[in-house]
Amino acid sequence: MQGRRPACAAIALAASLAAAPATAQTDPRPGTPSADPAEIRVAGQPDPAGLLPDQRVPCAQSAISAEFIAKQAPTLNAFQLVTLLPGANVASSDPYGLSTSSSLTLRGLGQDQIGVLMEGAPQNDIGYYFAYPSQFADPENLRQIALAQGSVDIDSPTVGGAGGLLSLKLDDPGARPGAVVDLSLGSYAARRAFVRIDTGTLGTSGIKAFLSYSNTRANNWRGPGYDTRQHIDAKLLREWGAGNRASLAVSYNDANTSSYPSPTLAEWQAQGRDFNFARAYRAGSTDYWRLYRAPFRNLYAAAPVHIVLGDRLTLDTTSYLQFGYGNAPYGTQLATTGNFLGNEALADLIALPGAIDGVATVLGNYTGDQVRGGSVGKLTLQAGVHRITAGLWFDYGTDRVTQSYTRVDADGDPADRWGYRAKAIRTADGRLLAYENQRTVTVTKAGFIADSIAVTPRLTVDIGFKGVNLLRNGRNYLPGPQREVRRSSFAALPRAAIHYRLDDRQQLFANVTTNFRAPNEFALYDYFFGGEVVVQGTNALKNEYSVSQEIGYRFIGESLSASVTGFHYAFSNRQLATVIDRGGAQVNGTLNVGGQTSYGVDAEIDYRPVAGVSLYLSGEYLRARIDDDLPIGSDFLPTRGKRAVSSPTVQFGAGGLYDDGRFFGSIASKYVGRQYSTFMNDESIKGYATLDLSIGVHLAEWLDGKRTDLRINAINVTDPHVLAGVQAVSTNARDVAGRGGTIITGNAPAYYVGSGAAVMGTLSRAF
């Protein structure tokens, strides 16, 4: 969004550039203070390389531009698009990026610790902090995806973010009317259509807009099932005066996806890619694929505004609104007798048509109904060598979570795939029969102040402070000892950064940041099984708190750009979200694993030997260790000194772009090292590599001069049969003796199966 600085550990310095022209002296964007050309000069690449745009911020930050995105398969989601970047460990179960069975970790920190913004508005789930990339904007509408591997901006409306920030910027509407149509066909009967219409500037109003629609369908690459996705993006923009700007961006997603089952290591070794749901329904079975189709609808709206109040004073605000409802169902069995509602035994029978010997297959619903709105605003004053920023953030969200049951007919089709409570199975006295039934209200308030001090023309120092209060109020609707829940958290988050420009091409930077994360909402509630509390809710879990440091060097040249960053993290009360299977129901759990210390190095380099060619390399070394033994019951699991889960020691990426004006192509390869899935390090998955290719031709000069491109994308060309990531961690896979001699029973982790190979052809035409 205009008026916001790039993602960084502190309010950024003057003259930040996403992709600088070779002779640019200042940042021409609204909200960026002008600088004396004699004091700041950027000797950068002549045009965006697409793999390593120029950066001038005091923290590690990578980005990919529209030029790179346009050469990739049009179905890929934002996680898949940043795979090459340093520290990005992406586990994808679907080559087309449609499934929600995927994850992203940065420097070993999970998806629930990575803030995600689109047009300055948060995309993370307010209850448990996850973000789902298949719901984000279509790739054709993205101008840039920036990835800050360290911490988030001080003014970012995100909670947590120790793992970094993924920031998506939408393309602005065109000044002249136009249209773009993309048509794609691919493996597994994939087909996609995309159309975008730009209005151009409407009369003398100064308003311009675009509206796009896409429709995608593809069969599952393994097992039965198919995915559908309909998506709408829209943006209105008005710019006036000397840098004033206001816009409204809307993104709507309607998807119905088939889940991919996540095997244990033993199941993977026994069945491999044949570990799938059943193609046909058998009476009494729970593994029929139609019982695992997940429908979701989401609406995101963001209204960023930048107003110049004077020569030295600006105002930036972003107001946002979100709606979301969906179901992540599963097959299970329900008996007519012996049921419980919370801790209450149900004496009367449950009516289950089609039950055999008192047992029926039903659809287990896991529904979420979220509404969220908020606003963040800041004033920025340029006072001599000081650039002072002060602002406030307010966020209000409600989350209604229910695990209920829906009847299944004789063919295995559920009576209602959305899991609406009005159509769910009821008790004999009319109450909703539910395994989980709760509503949580989360209110976040924050204030921040920062100062960026231009000590000399080459040296800038940033200092900042942010105070965050997060309040959760909830109600558990199940009978039992718990009724109302409440938890209030406050954290003081100081930070500082320094940036030094050695010369026109070289930069040094360093920063120290702090982050906190309150336990997710599920940690507050009791969970029942067989009338007994199996997971006890608590408001005593301590907030996770982290202190991180970075020190780095950056080189920006005409044909070579490079960056290397050393980093260190120290966590206390490190929280890790996991999933526990209880009779087919998925119970969310939060583990406090104590302290954790991580350090490592990120590096990337982009070489442009001739016009139209870009060669890119990235890498990461990571050492992440658990500092404490993990309490299990009355004993302690001996985890001190063990490697952190989902934290590969090494990662390497290599890619390239080619475009001579007639032919174009790209290559992207990533290696991810071994990953542990238990705190005891008694189970892990091997390292693996992937390879994506694309080739295309610009047809405009052979037709009517209007942009017409034909490209072929080959995804995961080598088709490795691998486990790509950890879906659910566990404390220990094998039975282990605790420090006190107690035998602690092992529990098998679950994994994402790496996606198969796919090929997609796309014809793109501009009008």
# chains A, B, ... in the order shown; residues from 1 in each chain; ligands from 1
$ select_by_dssp --residues "segment 201-240 of chain A" --states "strand (DSSP E)" --output "PyMOL selection string"
chain A and resi 207-219+226-240
$ residues_around --residues "segment 667-671 of chain A" --least-positions-apart "4" --cutoff "8 Å" --atoms "only C-alpha atoms" --output "VMD selection string"
chain A and resid 83 to 84 651 to 657 687 to 694
$ write_last_selection --atoms "N, CA, C and O atoms" --output "mmCIF file, in the first residue's frame"
data_model
loop_
_atom_site.group_PDB
_atom_site.id
_atom_site.type_symbol
_atom_site.label_atom_id
_atom_site.label_comp_id
_atom_site.auth_asym_id
_atom_site.auth_seq_id
_atom_site.Cartn_x
_atom_site.Cartn_y
_atom_site.Cartn_z
ATOM 1 N N THR A 83 8.800 -19.769 -2.902
ATOM 2 C CA THR A 83 9.590 -20.941 -2.514
ATOM 3 C C THR A 83 11.086 -20.709 -2.655
ATOM 4 O O THR A 83 11.883 -21.177 -1.833
ATOM 5 N N LEU A 84 11.513 -19.995 -3.700
ATOM 6 C CA LEU A 84 12.939 -19.814 -3.961
ATOM 7 C C LEU A 84 13.633 -18.913 -2.951
ATOM 8 O O LEU A 84 14.857 -18.968 -2.808
ATOM 9 N N GLN A 651 18.958 -25.122 3.299
ATOM 10 C CA GLN A 651 18.075 -24.987 2.152
ATOM 11 C C GLN A 651 18.849 -24.266 1.054
ATOM 12 O O GLN A 651 19.647 -23.375 1.338
ATOM 13 N N PHE A 652 18.595 -24.677 -0.193
ATOM 14 C CA PHE A 652 19.218 -24.013 -1.335
ATOM 15 C C PHE A 652 18.177 -23.802 -2.419
ATOM 16 O O PHE A 652 17.329 -24.659 -2.671
ATOM 17 N N GLY A 653 18.233 -22.639 -3.068
ATOM 18 C CA GLY A 653 17.355 -22.362 -4.193
ATOM 19 C C GLY A 653 18.165 -21.871 -5.380
ATOM 20 O O GLY A 653 19.192 -21.201 -5.214
ATOM 21 N N ALA A 654 17.720 -22.205 -6.562
ATOM 22 C CA ALA A 654 18.376 -21.744 -7.783
ATOM 23 C C ALA A 654 17.302 -21.491 -8.831
ATOM 24 O O ALA A 654 16.378 -22.294 -9.000
ATOM 25 N N GLY A 655 17.413 -20.363 -9.500
ATOM 26 C CA GLY A 655 16.417 -20.039 -10.509
ATOM 27 C C GLY A 655 16.987 -19.150 -11.585
ATOM 28 O O GLY A 655 18.105 -18.638 -11.482
ATOM 29 N N GLY A 656 16.222 -18.980 -12.630
ATOM 30 C CA GLY A 656 16.643 -18.125 -13.724
ATOM 31 C C GLY A 656 15.465 -17.659 -14.544
ATOM 32 O O GLY A 656 14.426 -18.329 -14.602
ATOM 33 N N LEU A 657 15.629 -16.491 -15.151
ATOM 34 C CA LEU A 657 14.636 -15.934 -16.059
ATOM 35 C C LEU A 657 15.303 -15.588 -17.381
ATOM 36 O O LEU A 657 16.460 -15.154 -17.410
ATOM 37 N N GLY A 687 15.630 -35.037 3.288
ATOM 38 C CA GLY A 687 15.676 -33.884 2.410
ATOM 39 C C GLY A 687 15.204 -34.239 1.013
ATOM 40 O O GLY A 687 15.218 -35.407 0.604
ATOM 41 N N TYR A 688 14.788 -33.239 0.259
ATOM 42 C CA TYR A 688 14.284 -33.488 -1.089
ATOM 43 C C TYR A 688 14.480 -32.232 -1.934
ATOM 44 O O TYR A 688 14.744 -31.144 -1.416
ATOM 45 N N ALA A 689 14.333 -32.401 -3.244
ATOM 46 C CA ALA A 689 14.486 -31.288 -4.186
ATOM 47 C C ALA A 689 13.317 -31.266 -5.157
ATOM 48 O O ALA A 689 12.737 -32.306 -5.479
ATOM 49 N N THR A 690 12.977 -30.077 -5.623
ATOM 50 C CA THR A 690 11.932 -29.902 -6.631
ATOM 51 C C THR A 690 12.481 -29.075 -7.790
ATOM 52 O O THR A 690 13.460 -28.347 -7.645
ATOM 53 N N LEU A 691 11.811 -29.178 -8.935
ATOM 54 C CA LEU A 691 12.225 -28.439 -10.131
ATOM 55 C C LEU A 691 10.997 -28.034 -10.924
ATOM 56 O O LEU A 691 10.163 -28.876 -11.269
ATOM 57 N N ASP A 692 10.883 -26.731 -11.216
ATOM 58 C CA ASP A 692 9.814 -26.187 -12.056
ATOM 59 C C ASP A 692 10.431 -25.515 -13.280
ATOM 60 O O ASP A 692 11.474 -24.867 -13.177
ATOM 61 N N LEU A 693 9.767 -25.668 -14.433
ATOM 62 C CA LEU A 693 10.248 -25.072 -15.678
ATOM 63 C C LEU A 693 9.098 -24.368 -16.390
ATOM 64 O O LEU A 693 7.933 -24.750 -16.235
ATOM 65 N N SER A 694 9.453 -23.355 -17.166
ATOM 66 C CA SER A 694 8.455 -22.739 -18.037
ATOM 67 C C SER A 694 9.132 -22.269 -19.314
ATOM 68 O O SER A 694 10.321 -21.939 -19.325
#
$ residues_around --residues "Arg623 of chain A" --least-positions-apart "3" --cutoff "9 Å" --atoms "only C-alpha atoms" --output "list in words"
Thr597, Ser598, Tyr599, Gly600, Arg643, Ala644, Ser647, Pro648 and Thr649 of chain A
$ residues_around --residues "segment 335-346 of chain A" --least-positions-apart "2" --cutoff "10 Å" --atoms "only C-alpha atoms" --output "ChimeraX atom specification"
/A:333,348-353,355-362,427-429,431-437,476-482,526-533
$ write_last_selection --atoms "N, CA and C atoms" --output "short mmCIF file (atom, residue, chain, number, x, y, z; two decimals), in the first residue's frame"
data_model
loop_
_atom_site.label_atom_id
_atom_site.label_comp_id
_atom_site.auth_asym_id
_atom_site.auth_seq_id
_atom_site.Cartn_x
_atom_site.Cartn_y
_atom_site.Cartn_z
N GLN A 333 -18.08 -42.16 12.75
CA GLN A 333 -19.25 -42.96 13.08
C GLN A 333 -19.89 -42.45 14.36
N ASP A 348 -31.37 -40.46 26.19
CA ASP A 348 -32.27 -40.76 25.08
C ASP A 348 -31.49 -41.10 23.81
N LEU A 349 -32.14 -41.84 22.92
CA LEU A 349 -31.54 -42.23 21.66
C LEU A 349 -31.35 -41.03 20.74
N ILE A 350 -30.33 -41.11 19.90
CA ILE A 350 -30.13 -40.16 18.82
C ILE A 350 -30.72 -40.77 17.55
N ALA A 351 -31.58 -40.04 16.87
CA ALA A 351 -32.21 -40.54 15.65
C ALA A 351 -31.20 -40.52 14.51
N LEU A 352 -30.83 -41.72 14.01
CA LEU A 352 -29.86 -41.85 12.93
C LEU A 352 -30.43 -42.77 11.85
N PRO A 353 -31.13 -42.21 10.86
CA PRO A 353 -31.66 -43.04 9.78
C PRO A 353 -30.54 -43.80 9.07
N ALA A 355 -28.93 -46.38 10.33
CA ALA A 355 -27.98 -46.98 11.27
C ALA A 355 -28.06 -48.50 11.19
N ILE A 356 -26.92 -49.14 11.25
CA ILE A 356 -26.81 -50.60 11.25
C ILE A 356 -26.30 -51.03 12.62
N ASP A 357 -27.11 -51.83 13.31
CA ASP A 357 -26.77 -52.25 14.68
C ASP A 357 -26.48 -51.04 15.57
N GLY A 358 -27.26 -49.99 15.36
CA GLY A 358 -27.15 -48.82 16.21
C GLY A 358 -25.99 -47.90 15.90
N VAL A 359 -25.31 -48.08 14.76
CA VAL A 359 -24.17 -47.25 14.39
C VAL A 359 -24.35 -46.77 12.96
N ALA A 360 -24.05 -45.48 12.72
CA ALA A 360 -24.18 -44.91 11.38
C ALA A 360 -22.96 -44.08 11.04
N THR A 361 -22.59 -44.10 9.77
CA THR A 361 -21.57 -43.18 9.28
C THR A 361 -22.18 -41.79 9.14
N VAL A 362 -21.50 -40.77 9.65
CA VAL A 362 -21.98 -39.40 9.57
C VAL A 362 -20.83 -38.51 9.11
N THR A 427 -29.96 -33.62 19.55
CA THR A 427 -30.31 -34.56 20.62
C THR A 427 -31.83 -34.72 20.65
N ALA A 428 -32.28 -35.67 21.46
CA ALA A 428 -33.72 -35.93 21.53
C ALA A 428 -34.49 -34.70 22.01
N ASP A 429 -33.86 -33.85 22.84
CA ASP A 429 -34.54 -32.65 23.32
C ASP A 429 -34.23 -31.42 22.47
N ARG A 431 -31.27 -30.12 21.26
CA ARG A 431 -30.00 -29.40 21.33
C ARG A 431 -29.04 -29.89 20.25
N LEU A 432 -28.13 -29.02 19.87
CA LEU A 432 -27.13 -29.38 18.86
C LEU A 432 -26.17 -30.40 19.44
N LEU A 433 -26.03 -31.55 18.78
CA LEU A 433 -25.07 -32.57 19.19
C LEU A 433 -23.71 -32.16 18.64
N ALA A 434 -22.81 -31.78 19.53
CA ALA A 434 -21.54 -31.21 19.09
C ALA A 434 -20.40 -31.72 19.95
N TYR A 435 -19.28 -31.88 19.30
CA TYR A 435 -18.04 -32.24 19.98
C TYR A 435 -17.32 -30.99 20.48
N GLU A 436 -17.53 -29.89 19.77
CA GLU A 436 -16.93 -28.60 20.11
C GLU A 436 -17.93 -27.52 19.73
N ASN A 437 -18.14 -26.56 20.62
CA ASN A 437 -19.15 -25.53 20.36
C ASN A 437 -18.77 -24.30 21.17
N ASN A 476 -18.07 -21.32 26.14
CA ASN A 476 -18.15 -22.73 25.77
C ASN A 476 -19.59 -23.18 25.96
N TYR A 477 -20.25 -23.56 24.86
CA TYR A 477 -21.67 -23.90 24.91
C TYR A 477 -21.92 -25.34 25.32
N LEU A 478 -20.87 -26.13 25.52
CA LEU A 478 -21.05 -27.52 25.92
C LEU A 478 -21.25 -27.62 27.43
N PRO A 479 -22.11 -28.53 27.88
CA PRO A 479 -22.25 -28.76 29.33
C PRO A 479 -20.92 -29.21 29.93
N GLY A 480 -20.60 -28.68 31.10
CA GLY A 480 -19.35 -29.04 31.73
C GLY A 480 -18.93 -28.00 32.74
N PRO A 481 -17.74 -28.15 33.29
CA PRO A 481 -17.29 -27.23 34.34
C PRO A 481 -16.95 -25.83 33.83
N GLN A 482 -16.84 -25.69 32.51
CA GLN A 482 -16.41 -24.42 31.95
C GLN A 482 -17.57 -23.74 31.24
N ASP A 526 -12.01 -26.30 27.24
CA ASP A 526 -11.99 -27.73 27.55
C ASP A 526 -12.44 -28.52 26.32
N TYR A 527 -11.82 -29.68 26.13
CA TYR A 527 -12.24 -30.59 25.07
C TYR A 527 -12.57 -31.94 25.70
N PHE A 528 -13.68 -32.52 25.24
CA PHE A 528 -14.21 -33.73 25.86
C PHE A 528 -14.11 -34.92 24.91
N PHE A 529 -13.99 -36.11 25.51
CA PHE A 529 -14.10 -37.36 24.77
C PHE A 529 -14.66 -38.41 25.72
N GLY A 530 -15.80 -38.99 25.34
CA GLY A 530 -16.43 -39.97 26.21
C GLY A 530 -16.89 -39.40 27.52
N GLY A 531 -17.26 -38.11 27.52
CA GLY A 531 -17.74 -37.48 28.72
C GLY A 531 -16.66 -36.98 29.65
N GLU A 532 -15.40 -37.20 29.31
CA GLU A 532 -14.29 -36.78 30.14
C GLU A 532 -13.51 -35.66 29.45
N VAL A 533 -12.93 -34.76 30.25
CA VAL A 533 -12.09 -33.71 29.71
C VAL A 533 -10.74 -34.32 29.33
#
$ residues_around --residues "Phe296 of chain A" --least-positions-apart "3" --cutoff "6 Å" --atoms "only C-alpha atoms" --output "NGL selection string"
:A and (254-255 or 325-326)
$ closest_atom_pairs --of "segment 525-597 of chain A" --to "segment 630-640 of chain A" --cutoff "10 Å" --atoms "only C-alpha atoms" --output "JSON lines"
{"residue": "A:Leu591", "atom": "CA", "partner": "A:Leu630", "partner_atom": "CA", "distance": 9.1}
{"residue": "A:Asn592", "atom": "CA", "partner": "A:Leu630", "partner_atom": "CA", "distance": 8.0}
{"residue": "A:Val593", "atom": "CA", "partner": "A:Leu630", "partner_atom": "CA", "distance": 5.8}
{"residue": "A:Gly594", "atom": "CA", "partner": "A:Leu630", "partner_atom": "CA", "distance": 7.1}
{"residue": "A:Gly595", "atom": "CA", "partner": "A:Arg640", "partner_atom": "CA", "distance": 9.2}
{"residue": "A:Gln596", "atom": "CA", "partner": "A:Arg640", "partner_atom": "CA", "distance": 9.3}
$ write_last_selection --atoms "N, CA and C atoms" --output "short mmCIF file (atom, residue, chain, number, x, y, z; two decimals), in the first residue's frame"
data_model
loop_
_atom_site.label_atom_id
_atom_site.label_comp_id
_atom_site.auth_asym_id
_atom_site.auth_seq_id
_atom_site.Cartn_x
_atom_site.Cartn_y
_atom_site.Cartn_z
N LEU A 591 1.21 -26.39 22.52
CA LEU A 591 2.27 -26.87 23.39
C LEU A 591 3.21 -25.72 23.72
N ASN A 592 3.51 -25.56 25.00
CA ASN A 592 4.54 -24.62 25.43
C ASN A 592 5.83 -25.42 25.56
N VAL A 593 6.74 -25.21 24.62
CA VAL A 593 7.96 -26.02 24.60
C VAL A 593 9.12 -25.30 25.27
N GLY A 594 8.81 -24.23 26.02
CA GLY A 594 9.85 -23.55 26.78
C GLY A 594 10.70 -22.65 25.90
N GLY A 595 12.00 -22.64 26.19
CA GLY A 595 12.90 -21.78 25.44
C GLY A 595 13.41 -22.41 24.17
N GLN A 596 13.78 -21.59 23.24
CA GLN A 596 14.40 -22.06 21.99
C GLN A 596 15.38 -20.99 21.52
#
$ residues_around --residues "Val385 of chain A" --least-positions-apart "2" --cutoff "9 Å" --atoms "only C-alpha atoms" --output "ChimeraX atom specification"
/A:382-383,387,452-456
$ write_last_selection --atoms "N, CA, C and O atoms" --output "short mmCIF file (atom, residue, chain, number, x, y, z; two decimals), in the first residue's frame"
data_model
loop_
_atom_site.label_atom_id
_atom_site.label_comp_id
_atom_site.auth_asym_id
_atom_site.auth_seq_id
_atom_site.Cartn_x
_atom_site.Cartn_y
_atom_site.Cartn_z
N GLN A 382 8.14 14.90 9.35
CA GLN A 382 9.55 15.08 9.03
C GLN A 382 10.00 16.37 9.71
O GLN A 382 9.59 17.48 9.34
N ALA A 383 10.83 16.23 10.76
CA ALA A 383 11.30 17.38 11.53
C ALA A 383 12.82 17.40 11.51
O ALA A 383 13.46 16.74 12.32
N ARG A 387 12.45 11.64 11.39
CA ARG A 387 11.18 11.24 10.76
C ARG A 387 10.39 10.49 11.84
O ARG A 387 10.66 9.32 12.14
N SER A 452 13.02 7.78 12.96
CA SER A 452 14.10 7.45 12.04
C SER A 452 14.99 8.69 11.94
O SER A 452 14.56 9.74 11.46
N ILE A 453 16.22 8.56 12.40
CA ILE A 453 17.12 9.70 12.55
C ILE A 453 18.22 9.63 11.50
O ILE A 453 19.01 8.66 11.48
N ALA A 454 18.29 10.60 10.61
CA ALA A 454 19.35 10.68 9.61
C ALA A 454 20.58 11.33 10.26
O ALA A 454 20.77 12.54 10.19
N VAL A 455 21.39 10.51 10.91
CA VAL A 455 22.55 11.02 11.65
C VAL A 455 23.52 11.71 10.71
O VAL A 455 24.05 12.79 11.00
N THR A 456 23.78 11.08 9.58
CA THR A 456 24.58 11.66 8.50
C THR A 456 23.91 11.29 7.19
O THR A 456 22.97 10.49 7.17
#
$ residues_around --residues "segment 377-379 of chain A" --least-positions-apart "6" --cutoff "12 Å" --atoms "only C-alpha atoms" --output "MDAnalysis selection string"
chainID A and resid 3:5 11 31 120:121 154:157 303:310 312:320 387:395 446:451
$ select_by_dssp --residues "segment 103-200 of chain A" --states "helix (DSSP H, G or I)" --output "number ranges by chain"
A: 111-113, 133-135, 139-141
$ write_last_selection --atoms "C-alpha atoms" --output "tab-separated table (two decimals), in the first residue's frame"
chain	number	residue	atom	x	y	z
A	111	GLN	CA	2.84	-20.47	9.47
A	112	ASP	CA	1.06	-19.25	12.60
A	113	GLN	CA	4.07	-16.99	13.33
A	133	PRO	CA	-2.84	-18.74	0.44
A	134	SER	CA	-5.38	-20.35	-1.90
A	135	GLN	CA	-7.82	-17.63	-0.75
A	139	PRO	CA	-1.50	-13.91	-9.41
A	140	GLU	CA	-2.36	-11.78	-12.46
A	141	ASN	CA	-3.40	-8.97	-10.10
